[in-house]
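Written below as C-alpha cells is the structure these notes are about.
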Amino acid sequence: MSTTIGVWGVDHPHGGGHLKALENAAEVGKLLIWDADPSKAQAAVDGSAKAERVDDIEPLIDSGDVDALVILLPNRDAGPATLRAIEAGIYVYGDKPGARTAREMREIVLAADKSKAHFCPCYPWRIDPVTREIKRLIDGGALGDIWSFEAKWLTSQVTLRGPSNWLFHDELSGGGILSWLGCHWIDLLMYLLGPASEVTAKLATRCGEDINVEDTASVIMELESGAVGTVRAGYTHRPFAGYDDSDLCLSFEGQLGSIYWPTKGERGYRLRTGHRDYAGVSRRWVDLERTADASDHGYSFVFFRAFLEAVAHGVAPPATQRDALRVLEVIEAAQESSRAGKHVRVMGG
C-alpha cells in the first residue's frame, strides 16, 4: 500500500536524515511538506522525487489526506503539534524526546488512549540486533538478577556543534545533553531492565558558551527491580586526528554474570556468565551482523519502516508515547535532583 506522509517542519538537526529515510522507504508514495520557512520546505521538495510543498499542514490532519505525520520541530513546538495530530487520530513519528516537558507528553498519552493513534519517538536502539540479543539473555536469566548497570554517551563539544542551535536553549529544548542524546540510553535501560523509581543527579554547564542547558550530566538511576546504575552523558570531546568524536557503551552486571557492549564501531558484545545453560559461552566475545541503517538509507531507516508497518496495521509502533513519557519523567527528576541536591522519586515510578 502506498502511504502519504505529511512532514511538519524540516529545519531540524536530523531533518536531512529523516527526509532521506522517507525518500528511501518504498512504502511511502507521497510526501506533503510544510515548514515555517517556505524556502527550506521548497529545498526539501526539490531534493525529492515524492514530495510537494503545502501552504499549511494542519488542514491535512482533519482532511484525512495524510496517513501519518513526521514532525521535525523544536521540542517546544513538537509537543503541541503532536497532540493536535493524535487528537485527530493520526499516527505521528518524531525525533526524541517528543516534547519539551513531561506534562505535554502526558496530554499526548491521554489523547492517544482516546483516539487509538500513537506517537512513535525515534529510539532506534530498541531494535538493534545486539539490543535484541541482550534482551533475550537478560530475560532468559543469563545474568541472574540484575544488580547494576552503566551507560555512557559522550560526544563533541557545544562549541563545535553551534551554540546558537535551539538544542542549547531551554525555552526551545527543555534540556541539554540528556534531552538530546542521554535520552537514548535512559529509554534503552528501561526497555531492557524496567521502569526507574528514583534518581540522583548532577547536571552542569561547562563549555563557556552562551547556553542555558546542561552539557554534562551524571545520573544515578534506581529501578523498580532494585538495580542501581549510572547514565553519564556530555558534550565533552574536541576531536582531532586519531581522536574519536564520541564514546558510547553499555554494561550490565548481575548475580550470575555480566555483559559489556561498546556500541560504537563494534558488531557485538562480551558475555560472561556462570549460568548452567551457557557453559559453552561463559566468557567470550559475540559478533552479530547488522543490517544497513542510517548511513545507507537515512536516519534510523529500519526503525522508521517498523513505524510504517504499525501504521499500516493500526497497532503500536516499536516505541510509543508512554515510553516517551517515562524518559521525560526521568529527565525532569534528574533536573530537580541537581537543582535541589536530593534524591527524587520518578513520577511514574
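A note on labels: chains of the C-alpha cells are A, B, ... as shown, every chain counts residues from 1, and ligands are counted from 1 in their shown order.
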Please report, as an mmCIF file with N, CA, C and O atoms, in the first residue's frame, each residue of stretch 119-229 of chain A to which DSSP assigns alpha helix (DSSP H) when run on this structure's backbone.
```cif
data_model
loop_
_atom_site.group_PDB
_atom_site.id
_atom_site.type_symbol
_atom_site.label_atom_id
_atom_site.label_comp_id
_atom_site.auth_asym_id
_atom_site.auth_seq_id
_atom_site.Cartn_x
_atom_site.Cartn_y
_atom_site.Cartn_z
ATOM 1 N N PRO A 129 20.143 -5.280 16.520
ATOM 2 C CA PRO A 129 20.312 -6.720 16.751
ATOM 3 C C PRO A 129 20.991 -7.054 18.067
ATOM 4 O O PRO A 129 20.643 -8.060 18.714
ATOM 5 N N VAL A 130 21.958 -6.235 18.490
ATOM 6 C CA VAL A 130 22.617 -6.517 19.771
ATOM 7 C C VAL A 130 21.649 -6.279 20.925
ATOM 8 O O VAL A 130 21.614 -7.053 21.891
ATOM 9 N N THR A 131 20.838 -5.220 20.839
ATOM 10 C CA THR A 131 19.823 -4.988 21.872
ATOM 11 C C THR A 131 18.904 -6.200 21.996
ATOM 12 O O THR A 131 18.601 -6.651 23.113
ATOM 13 N N ARG A 132 18.440 -6.707 20.875
ATOM 14 C CA ARG A 132 17.526 -7.851 20.905
ATOM 15 C C ARG A 132 18.182 -9.067 21.555
ATOM 16 O O ARG A 132 17.552 -9.796 22.326
ATOM 17 N N GLU A 133 19.467 -9.275 21.237
ATOM 18 C CA GLU A 133 20.175 -10.404 21.823
ATOM 19 C C GLU A 133 20.384 -10.205 23.327
ATOM 20 O O GLU A 133 20.196 -11.134 24.124
ATOM 21 N N ILE A 134 20.761 -8.993 23.721
ATOM 22 C CA ILE A 134 20.963 -8.732 25.147
ATOM 23 C C ILE A 134 19.647 -8.867 25.912
ATOM 24 O O ILE A 134 19.617 -9.422 27.016
ATOM 25 N N LYS A 135 18.559 -8.385 25.332
ATOM 26 C CA LYS A 135 17.254 -8.532 25.994
ATOM 27 C C LYS A 135 16.903 -10.007 26.160
ATOM 28 O O LYS A 135 16.393 -10.426 27.209
ATOM 29 N N ARG A 136 17.183 -10.812 25.134
ATOM 30 C CA ARG A 136 16.910 -12.246 25.232
ATOM 31 C C ARG A 136 17.723 -12.873 26.370
ATOM 32 O O ARG A 136 17.202 -13.682 27.156
ATOM 33 N N LEU A 137 18.984 -12.491 26.469
ATOM 34 C CA LEU A 137 19.841 -13.041 27.520
ATOM 35 C C LEU A 137 19.369 -12.609 28.905
ATOM 36 O O LEU A 137 19.297 -13.429 29.837
ATOM 37 N N ILE A 138 19.074 -11.322 29.066
ATOM 38 C CA ILE A 138 18.628 -10.828 30.373
ATOM 39 C C ILE A 138 17.301 -11.464 30.767
ATOM 40 O O ILE A 138 17.141 -11.960 31.892
ATOM 41 N N ASP A 139 16.335 -11.456 29.843
ATOM 42 C CA ASP A 139 15.023 -12.046 30.144
ATOM 43 C C ASP A 139 15.128 -13.542 30.396
ATOM 44 O O ASP A 139 14.327 -14.114 31.166
ATOM 45 N N VAL A 158 29.869 21.536 22.576
ATOM 46 C CA VAL A 158 28.875 22.511 22.113
ATOM 47 C C VAL A 158 29.500 23.497 21.128
ATOM 48 O O VAL A 158 28.890 23.854 20.115
ATOM 49 N N THR A 159 30.716 23.932 21.404
ATOM 50 C CA THR A 159 31.400 24.899 20.544
ATOM 51 C C THR A 159 31.444 24.416 19.099
ATOM 52 O O THR A 159 31.265 25.200 18.160
ATOM 53 N N LEU A 160 31.654 23.123 18.908
ATOM 54 C CA LEU A 160 31.771 22.559 17.572
ATOM 55 C C LEU A 160 30.410 22.335 16.921
ATOM 56 O O LEU A 160 30.325 22.229 15.695
ATOM 57 N N ARG A 161 29.355 22.284 17.716
ATOM 58 C CA ARG A 161 28.026 21.997 17.198
ATOM 59 C C ARG A 161 27.228 23.269 16.882
ATOM 60 O O ARG A 161 26.212 23.197 16.199
ATOM 61 N N ASP A 170 17.000 26.457 26.689
ATOM 62 C CA ASP A 170 15.963 25.773 27.459
ATOM 63 C C ASP A 170 14.556 26.102 26.996
ATOM 64 O O ASP A 170 13.685 25.220 26.997
ATOM 65 N N GLU A 171 14.296 27.331 26.591
ATOM 66 C CA GLU A 171 12.935 27.702 26.208
ATOM 67 C C GLU A 171 12.462 26.931 24.978
ATOM 68 O O GLU A 171 11.251 26.771 24.768
ATOM 69 N N LEU A 172 13.378 26.429 24.182
ATOM 70 C CA LEU A 172 13.023 25.653 22.988
ATOM 71 C C LEU A 172 13.205 24.155 23.185
ATOM 72 O O LEU A 172 12.466 23.359 22.602
ATOM 73 N N SER A 173 14.174 23.777 24.000
ATOM 74 C CA SER A 173 14.529 22.359 24.115
ATOM 75 C C SER A 173 14.027 21.693 25.394
ATOM 76 O O SER A 173 13.698 20.506 25.395
ATOM 77 N N ILE A 177 22.055 17.850 27.146
ATOM 78 C CA ILE A 177 22.565 16.564 26.664
ATOM 79 C C ILE A 177 21.629 15.407 27.012
ATOM 80 O O ILE A 177 21.503 14.452 26.246
ATOM 81 N N CYS A 183 18.921 10.683 26.475
ATOM 82 C CA CYS A 183 17.592 10.061 26.468
ATOM 83 C C CYS A 183 17.592 8.701 25.783
ATOM 84 O O CYS A 183 16.807 7.808 26.146
ATOM 85 N N HIS A 184 18.473 8.494 24.786
ATOM 86 C CA HIS A 184 18.556 7.186 24.126
ATOM 87 C C HIS A 184 18.861 6.089 25.143
ATOM 88 O O HIS A 184 18.232 5.028 25.142
ATOM 89 N N TRP A 185 19.850 6.346 26.002
ATOM 90 C CA TRP A 185 20.252 5.316 26.962
ATOM 91 C C TRP A 185 19.233 5.186 28.090
ATOM 92 O O TRP A 185 19.008 4.084 28.589
ATOM 93 N N ILE A 186 18.631 6.295 28.495
ATOM 94 C CA ILE A 186 17.583 6.220 29.519
ATOM 95 C C ILE A 186 16.452 5.335 29.030
ATOM 96 O O ILE A 186 15.951 4.460 29.745
ATOM 97 N N ASP A 187 16.030 5.537 27.781
ATOM 98 C CA ASP A 187 14.976 4.700 27.215
ATOM 99 C C ASP A 187 15.417 3.254 27.121
ATOM 100 O O ASP A 187 14.671 2.337 27.498
ATOM 101 N N LEU A 188 16.623 3.011 26.612
ATOM 102 C CA LEU A 188 17.067 1.640 26.396
ATOM 103 C C LEU A 188 17.213 0.877 27.709
ATOM 104 O O LEU A 188 16.861 -0.309 27.793
ATOM 105 N N LEU A 189 17.717 1.549 28.731
ATOM 106 C CA LEU A 189 17.855 0.884 30.024
ATOM 107 C C LEU A 189 16.499 0.453 30.572
ATOM 108 O O LEU A 189 16.347 -0.671 31.090
ATOM 109 N N MET A 190 15.505 1.311 30.441
ATOM 110 C CA MET A 190 14.176 0.933 30.950
ATOM 111 C C MET A 190 13.519 -0.106 30.055
ATOM 112 O O MET A 190 12.759 -0.953 30.533
ATOM 113 N N TYR A 191 13.805 -0.081 28.765
ATOM 114 C CA TYR A 191 13.304 -1.114 27.858
ATOM 115 C C TYR A 191 13.867 -2.482 28.238
ATOM 116 O O TYR A 191 13.152 -3.493 28.232
ATOM 117 N N LEU A 192 15.144 -2.518 28.602
ATOM 118 C CA LEU A 192 15.789 -3.783 28.930
ATOM 119 C C LEU A 192 15.555 -4.228 30.368
ATOM 120 O O LEU A 192 15.431 -5.435 30.631
ATOM 121 N N LEU A 193 15.479 -3.280 31.290
ATOM 122 C CA LEU A 193 15.520 -3.620 32.710
ATOM 123 C C LEU A 193 14.275 -3.225 33.497
ATOM 124 O O LEU A 193 14.131 -3.640 34.642
#
```
**Asked** Contacts of A:Thr101 at 7 Å or less, counting only C-alpha atoms, minus same-chain residues fewer than 2 places along, as a list in words?
**Response**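 What passes the distance filter is Ala99, Arg103, Glu104, Met105, Gly174 and Leu328 of chain A.
Closest approach to A:Ala316 among A:Cys120, A:Val54, A:Ala36, A:Ala25 is made by A:Cys120 (distances from only C-alpha atoms).
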**Atom pair atom CA of A:Ala142 / atom CA of A:Tyr260: separation (Å)** =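 Between atom CA of A:Ala142 and atom CA of A:Tyr260 the gap is 13.4 Å.
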**Request:** Considering only C-alpha atoms, state which residue in the set A:Ala68, A:Val109, A:Leu271, A:Leu248 is at the smallest distance from A:Gly314.
**Result:**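 Once distances to A:Gly314 are computed over only C-alpha atoms, the minimum belongs to A:Ala68.
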**Exercise: A:Leu60 partners within 10 Å, only C-alpha atoms, chain neighbours under 5 positions left out, as a VMD selection string** = chain A and resid 6 32 54 65 to 67 69 85
Selection file, all heavy atoms, as a tab-separated table (two decimals), in the first residue's frame:
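Output contents, as saved in out17.tsv:
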```
chain	number	residue	atom	x	y	z
A	6	GLY	N	2.66	13.35	5.81
A	6	GLY	CA	2.85	14.77	6.00
A	6	GLY	C	4.11	15.02	6.80
A	6	GLY	O	4.37	14.31	7.77
A	32	LEU	N	4.00	15.34	1.71
A	32	LEU	CA	3.45	16.70	1.71
A	32	LEU	C	4.20	17.47	2.78
A	32	LEU	O	4.07	17.19	3.97
A	32	LEU	CB	1.95	16.66	1.99
A	32	LEU	CG	1.12	15.85	0.99
A	32	LEU	CD1	-0.34	15.79	1.44
A	32	LEU	CD2	1.23	16.43	-0.41
A	54	VAL	N	3.29	22.24	0.74
A	54	VAL	CA	1.93	22.69	1.05
A	54	VAL	C	2.02	23.99	1.83
A	54	VAL	O	3.01	24.26	2.52
A	54	VAL	CB	1.14	21.63	1.84
A	54	VAL	CG1	0.94	20.38	1.00
A	54	VAL	CG2	1.83	21.28	3.16
A	65	ASP	N	-6.03	13.52	4.36
A	65	ASP	CA	-5.17	13.42	3.19
A	65	ASP	C	-3.80	12.81	3.50
A	65	ASP	O	-3.02	12.53	2.59
A	65	ASP	CB	-4.96	14.80	2.56
A	65	ASP	CG	-6.21	15.31	1.87
A	65	ASP	OD1	-7.10	14.48	1.58
A	65	ASP	OD2	-6.31	16.53	1.64
A	66	VAL	N	-3.49	12.65	4.79
A	66	VAL	CA	-2.23	12.01	5.17
A	66	VAL	C	-2.52	10.77	6.02
A	66	VAL	O	-3.45	10.75	6.82
A	66	VAL	CB	-1.30	12.97	5.94
A	66	VAL	CG1	-0.86	14.12	5.04
A	66	VAL	CG2	-1.95	13.51	7.20
A	67	ASP	N	-1.71	9.74	5.82
A	67	ASP	CA	-1.84	8.51	6.61
A	67	ASP	C	-1.09	8.61	7.93
A	67	ASP	O	-1.40	7.89	8.88
A	67	ASP	CB	-1.32	7.33	5.80
A	67	ASP	CG	-2.10	7.10	4.52
A	67	ASP	OD1	-3.31	6.85	4.61
A	67	ASP	OD2	-1.50	7.22	3.43
A	69	LEU	N	2.02	11.44	10.14
A	69	LEU	CA	2.83	12.66	10.15
A	69	LEU	C	4.23	12.37	10.67
A	69	LEU	O	4.39	11.57	11.61
A	69	LEU	CB	2.20	13.73	11.05
A	69	LEU	CG	1.08	14.61	10.50
A	69	LEU	CD1	0.55	15.50	11.61
A	69	LEU	CD2	1.57	15.46	9.34
A	85	ALA	N	-2.27	16.30	16.22
A	85	ALA	CA	-2.43	15.17	15.29
A	85	ALA	C	-3.01	13.94	15.99
A	85	ALA	O	-3.90	13.27	15.44
A	85	ALA	CB	-1.09	14.83	14.66
```
**Prompt:** Using the chain letters and numbers from this document, which residues of stretch 124-257 of chain A does DSSP assign to strand (DSSP E or B), as a ChimeraX atom specification?
**Reply:** /A:146-156,196-204,216-223,228-237,247-254,257
Output of the above residues as a compact mmCIF listing (two decimals), in the first residue's frame, restricted to N, CA and C atoms:
```txt
# COMPACT_ATOMS: atom_id res chain seq x y z
N ILE A 146 19.61 -8.70 37.92
CA ILE A 146 20.49 -7.59 37.56
C ILE A 146 20.71 -6.71 38.78
N TRP A 147 21.98 -6.48 39.10
CA TRP A 147 22.32 -5.68 40.26
C TRP A 147 22.71 -4.24 39.88
N SER A 148 23.44 -4.10 38.76
CA SER A 148 23.96 -2.78 38.43
C SER A 148 24.09 -2.64 36.91
N PHE A 149 24.30 -1.40 36.47
CA PHE A 149 24.44 -1.11 35.05
C PHE A 149 25.17 0.22 34.89
N GLU A 150 25.70 0.43 33.70
CA GLU A 150 26.37 1.69 33.38
C GLU A 150 26.11 2.02 31.91
N ALA A 151 25.84 3.29 31.63
CA ALA A 151 25.63 3.74 30.25
C ALA A 151 26.39 5.05 30.06
N LYS A 152 27.08 5.15 28.93
CA LYS A 152 27.88 6.35 28.66
C LYS A 152 27.64 6.81 27.24
N TRP A 153 27.38 8.13 27.09
CA TRP A 153 27.24 8.75 25.76
C TRP A 153 27.94 10.09 25.80
N LEU A 154 29.19 10.11 25.34
CA LEU A 154 29.98 11.32 25.29
C LEU A 154 30.24 11.67 23.83
N THR A 155 30.09 12.94 23.49
CA THR A 155 30.21 13.34 22.09
C THR A 155 30.85 14.72 21.98
N SER A 156 30.85 15.30 20.79
CA SER A 156 31.60 16.53 20.53
C SER A 156 31.03 17.73 21.28
N ALA A 196 12.23 3.16 36.02
CA ALA A 196 13.01 3.81 37.08
C ALA A 196 12.09 4.23 38.21
N SER A 197 12.62 4.21 39.42
CA SER A 197 11.83 4.63 40.58
C SER A 197 12.40 5.87 41.25
N GLU A 198 13.74 6.04 41.21
CA GLU A 198 14.36 7.18 41.91
C GLU A 198 15.61 7.60 41.17
N VAL A 199 15.91 8.91 41.23
CA VAL A 199 17.04 9.47 40.51
C VAL A 199 17.83 10.40 41.43
N THR A 200 19.14 10.33 41.32
CA THR A 200 20.03 11.30 41.95
C THR A 200 20.98 11.79 40.85
N ALA A 201 21.12 13.09 40.69
CA ALA A 201 21.87 13.58 39.53
C ALA A 201 22.60 14.87 39.82
N LYS A 202 23.61 15.09 39.01
CA LYS A 202 24.31 16.37 38.98
C LYS A 202 24.47 16.77 37.52
N LEU A 203 23.89 17.92 37.16
CA LEU A 203 23.99 18.45 35.81
C LEU A 203 24.81 19.73 35.85
N ALA A 204 25.59 19.96 34.82
CA ALA A 204 26.45 21.14 34.80
C ALA A 204 26.58 21.69 33.39
N THR A 216 26.88 18.57 30.50
CA THR A 216 27.47 17.43 31.19
C THR A 216 26.47 16.92 32.23
N ALA A 217 26.30 15.62 32.29
CA ALA A 217 25.32 15.06 33.22
C ALA A 217 25.78 13.71 33.75
N SER A 218 25.65 13.54 35.05
CA SER A 218 25.86 12.24 35.69
C SER A 218 24.61 11.91 36.49
N VAL A 219 23.98 10.80 36.14
CA VAL A 219 22.68 10.44 36.72
C VAL A 219 22.76 9.04 37.31
N ILE A 220 22.40 8.91 38.58
CA ILE A 220 22.24 7.60 39.20
C ILE A 220 20.76 7.25 39.16
N MET A 221 20.44 6.12 38.57
CA MET A 221 19.06 5.65 38.48
C MET A 221 18.88 4.40 39.32
N GLU A 222 17.85 4.40 40.15
CA GLU A 222 17.41 3.16 40.81
C GLU A 222 16.15 2.70 40.10
N LEU A 223 16.12 1.44 39.73
CA LEU A 223 14.98 0.89 39.01
C LEU A 223 14.01 0.22 39.98
N VAL A 228 20.67 -0.69 40.44
CA VAL A 228 21.16 0.68 40.55
C VAL A 228 22.30 0.86 39.55
N GLY A 229 22.28 1.98 38.83
CA GLY A 229 23.34 2.22 37.87
C GLY A 229 23.43 3.68 37.49
N THR A 230 24.29 3.95 36.52
CA THR A 230 24.57 5.33 36.14
C THR A 230 24.37 5.55 34.65
N VAL A 231 23.98 6.78 34.34
CA VAL A 231 23.98 7.28 32.97
C VAL A 231 24.87 8.52 32.97
N ARG A 232 25.92 8.48 32.17
CA ARG A 232 26.81 9.62 32.06
C ARG A 232 26.77 10.12 30.63
N ALA A 233 26.49 11.41 30.45
CA ALA A 233 26.36 11.97 29.11
C ALA A 233 27.01 13.34 29.07
N GLY A 234 27.58 13.70 27.93
CA GLY A 234 28.21 15.01 27.86
C GLY A 234 28.66 15.39 26.46
N TYR A 235 28.61 16.69 26.21
CA TYR A 235 29.26 17.28 25.04
C TYR A 235 30.69 17.60 25.46
N THR A 236 31.55 16.60 25.42
CA THR A 236 32.85 16.71 26.08
C THR A 236 34.05 16.59 25.17
N HIS A 237 33.91 16.01 23.98
CA HIS A 237 35.07 15.70 23.15
C HIS A 237 35.37 16.83 22.15
N ASP A 247 32.06 8.59 22.39
CA ASP A 247 32.42 7.43 23.20
C ASP A 247 31.12 6.89 23.80
N LEU A 248 30.68 5.74 23.33
CA LEU A 248 29.39 5.17 23.75
C LEU A 248 29.59 3.73 24.22
N CYS A 249 28.95 3.37 25.32
CA CYS A 249 29.00 1.98 25.76
C CYS A 249 27.91 1.73 26.81
N LEU A 250 27.61 0.45 27.00
CA LEU A 250 26.65 -0.01 27.99
C LEU A 250 27.20 -1.25 28.67
N SER A 251 26.89 -1.42 29.95
CA SER A 251 27.26 -2.65 30.64
C SER A 251 26.20 -3.00 31.66
N PHE A 252 26.09 -4.29 31.93
CA PHE A 252 25.10 -4.82 32.86
C PHE A 252 25.77 -5.89 33.71
N GLU A 253 25.54 -5.83 35.03
CA GLU A 253 26.11 -6.81 35.95
C GLU A 253 25.01 -7.45 36.77
N GLY A 254 25.08 -8.76 36.92
CA GLY A 254 24.06 -9.46 37.68
C GLY A 254 24.63 -10.54 38.58
N GLY A 257 26.50 -13.06 36.19
CA GLY A 257 27.43 -12.67 35.14
C GLY A 257 27.26 -11.24 34.71
```
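Of the listed residues (A:Ala333, A:Ile33, A:Cys207, A:Val286), A:Ile33 comes nearest to A:Val70; the distances count only C-alpha atoms.
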**Item:** Contacts of A:Tyr269 within 7 Å, only C-alpha atoms, excl. fewer than 5 positions in-chain, as JSON, numbers by chain
**Value:** {"A": [259, 260, 261, 262, 285, 286, 287]}
Please write the residues from the selection above to a file, keeping all heavy atoms, as a PDB file, in the first residue's frame.
```pdb
ATOM      1  N   ILE A 259      27.453  -8.347  31.012  1.00  0.00           N
ATOM      2  CA  ILE A 259      27.523  -8.072  29.579  1.00  0.00           C
ATOM      3  C   ILE A 259      28.132  -6.688  29.410  1.00  0.00           C
ATOM      4  O   ILE A 259      27.745  -5.741  30.104  1.00  0.00           O
ATOM      5  CB  ILE A 259      26.125  -8.100  28.925  1.00  0.00           C
ATOM      6  CG1 ILE A 259      25.571  -9.528  28.895  1.00  0.00           C
ATOM      7  CG2 ILE A 259      26.181  -7.537  27.502  1.00  0.00           C
ATOM      8  CD1 ILE A 259      24.125  -9.611  28.444  1.00  0.00           C
ATOM      9  N   TYR A 260      29.084  -6.585  28.481  1.00  0.00           N
ATOM     10  CA  TYR A 260      29.672  -5.294  28.132  1.00  0.00           C
ATOM     11  C   TYR A 260      29.461  -5.076  26.643  1.00  0.00           C
ATOM     12  O   TYR A 260      29.792  -5.934  25.826  1.00  0.00           O
ATOM     13  CB  TYR A 260      31.157  -5.263  28.466  1.00  0.00           C
ATOM     14  CG  TYR A 260      31.858  -4.017  27.960  1.00  0.00           C
ATOM     15  CD1 TYR A 260      31.542  -2.762  28.474  1.00  0.00           C
ATOM     16  CD2 TYR A 260      32.826  -4.100  26.957  1.00  0.00           C
ATOM     17  CE1 TYR A 260      32.173  -1.618  28.005  1.00  0.00           C
ATOM     18  CE2 TYR A 260      33.464  -2.957  26.488  1.00  0.00           C
ATOM     19  CZ  TYR A 260      33.130  -1.716  27.010  1.00  0.00           C
ATOM     20  OH  TYR A 260      33.743  -0.595  26.543  1.00  0.00           O
ATOM     21  N   TRP A 261      28.903  -3.900  26.282  1.00  0.00           N
ATOM     22  CA  TRP A 261      28.592  -3.600  24.882  1.00  0.00           C
ATOM     23  C   TRP A 261      29.181  -2.245  24.510  1.00  0.00           C
ATOM     24  O   TRP A 261      28.617  -1.211  24.829  1.00  0.00           O
ATOM     25  CB  TRP A 261      27.077  -3.598  24.685  1.00  0.00           C
ATOM     26  CG  TRP A 261      26.631  -3.299  23.278  1.00  0.00           C
ATOM     27  CD1 TRP A 261      27.384  -3.334  22.138  1.00  0.00           C
ATOM     28  CD2 TRP A 261      25.318  -2.898  22.875  1.00  0.00           C
ATOM     29  NE1 TRP A 261      26.627  -3.000  21.041  1.00  0.00           N
ATOM     30  CE2 TRP A 261      25.351  -2.724  21.465  1.00  0.00           C
ATOM     31  CE3 TRP A 261      24.119  -2.678  23.548  1.00  0.00           C
ATOM     32  CZ2 TRP A 261      24.236  -2.327  20.735  1.00  0.00           C
ATOM     33  CZ3 TRP A 261      23.005  -2.287  22.831  1.00  0.00           C
ATOM     34  CH2 TRP A 261      23.063  -2.122  21.431  1.00  0.00           C
ATOM     35  N   PRO A 262      30.336  -2.230  23.808  1.00  0.00           N
ATOM     36  CA  PRO A 262      30.872  -0.968  23.287  1.00  0.00           C
ATOM     37  C   PRO A 262      30.156  -0.643  21.986  1.00  0.00           C
ATOM     38  O   PRO A 262      30.512  -1.127  20.915  1.00  0.00           O
ATOM     39  CB  PRO A 262      32.349  -1.297  23.054  1.00  0.00           C
ATOM     40  CG  PRO A 262      32.357  -2.767  22.767  1.00  0.00           C
ATOM     41  CD  PRO A 262      31.200  -3.374  23.524  1.00  0.00           C
ATOM     42  N   TRP A 285      33.579 -13.135  23.313  1.00  0.00           N
ATOM     43  CA  TRP A 285      33.055 -12.038  22.514  1.00  0.00           C
ATOM     44  C   TRP A 285      32.091 -12.620  21.498  1.00  0.00           C
ATOM     45  O   TRP A 285      32.395 -13.597  20.834  1.00  0.00           O
ATOM     46  CB  TRP A 285      34.196 -11.306  21.812  1.00  0.00           C
ATOM     47  CG  TRP A 285      33.704 -10.163  20.973  1.00  0.00           C
ATOM     48  CD1 TRP A 285      33.400 -10.193  19.647  1.00  0.00           C
ATOM     49  CD2 TRP A 285      33.413  -8.853  21.423  1.00  0.00           C
ATOM     50  NE1 TRP A 285      32.942  -8.960  19.234  1.00  0.00           N
ATOM     51  CE2 TRP A 285      32.939  -8.121  20.305  1.00  0.00           C
ATOM     52  CE3 TRP A 285      33.493  -8.209  22.660  1.00  0.00           C
ATOM     53  CZ2 TRP A 285      32.567  -6.792  20.390  1.00  0.00           C
ATOM     54  CZ3 TRP A 285      33.126  -6.885  22.730  1.00  0.00           C
ATOM     55  CH2 TRP A 285      32.666  -6.181  21.623  1.00  0.00           C
ATOM     56  N   VAL A 286      30.913 -12.003  21.363  1.00  0.00           N
ATOM     57  CA  VAL A 286      29.882 -12.488  20.450  1.00  0.00           C
ATOM     58  C   VAL A 286      29.667 -11.447  19.358  1.00  0.00           C
ATOM     59  O   VAL A 286      29.309 -10.304  19.646  1.00  0.00           O
ATOM     60  CB  VAL A 286      28.553 -12.748  21.190  1.00  0.00           C
ATOM     61  CG1 VAL A 286      27.511 -13.294  20.222  1.00  0.00           C
ATOM     62  CG2 VAL A 286      28.770 -13.716  22.348  1.00  0.00           C
ATOM     63  N   ASP A 287      29.891 -11.837  18.100  1.00  0.00           N
ATOM     64  CA  ASP A 287      29.651 -10.949  16.958  1.00  0.00           C
ATOM     65  C   ASP A 287      28.258 -11.181  16.395  1.00  0.00           C
ATOM     66  O   ASP A 287      27.791 -12.319  16.310  1.00  0.00           O
ATOM     67  CB  ASP A 287      30.663 -11.205  15.837  1.00  0.00           C
ATOM     68  CG  ASP A 287      31.980 -10.496  16.087  1.00  0.00           C
ATOM     69  OD1 ASP A 287      31.952  -9.382  16.634  1.00  0.00           O
ATOM     70  OD2 ASP A 287      33.023 -11.063  15.730  1.00  0.00           O
TER      71      ASP A 287
END
```
**A:Ser2 surroundings by only C-alpha atoms, 7 Å radius, close-in-sequence under 5 positions cut, as JSON, numbers by chain** = {"A": [27, 28, 29]}
**Message:** Set the distance at 9 Å and use only C-alpha atoms: which residues neighbour A:Ser48 once local chain neighbours fewer than 6 positions away are removed? I'd like the list as a list in words.
**Reply:**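 Here the answer would be Leu19, Lys20, Glu23 and Leu31 of chain A.
The shortest atom-to-atom distance to A:Ser258, with only C-alpha atoms taken into account, belongs to A:Leu143 out of A:Ala81, A:Met347, A:Ala310, A:Leu143.
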**Request:** Kindly indicate which residue among A:Leu110, A:Ile90, A:Leu83, A:Ala21 lies nearest to A:Ser63, using only C-alpha atoms for the distances.
**Result:** A:Ile90
**Prompt:** With only C-alpha atoms as the atoms that count, which of A:Gly348, A:Ala117, A:Ile108, A:Arg267 lies nearest to A:Ala88?
**Reply:**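 That would be A:Ala117, the residue with the smallest distance to A:Ala88.
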**Asked** Quick one, how far is atom CA of A:Ile57 from atom CA of A:His14?
**Response** 19.7 Å
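Atom pair atom CA of A:Val302 / atom CA of A:Ile86: separated by 23.1 Å.
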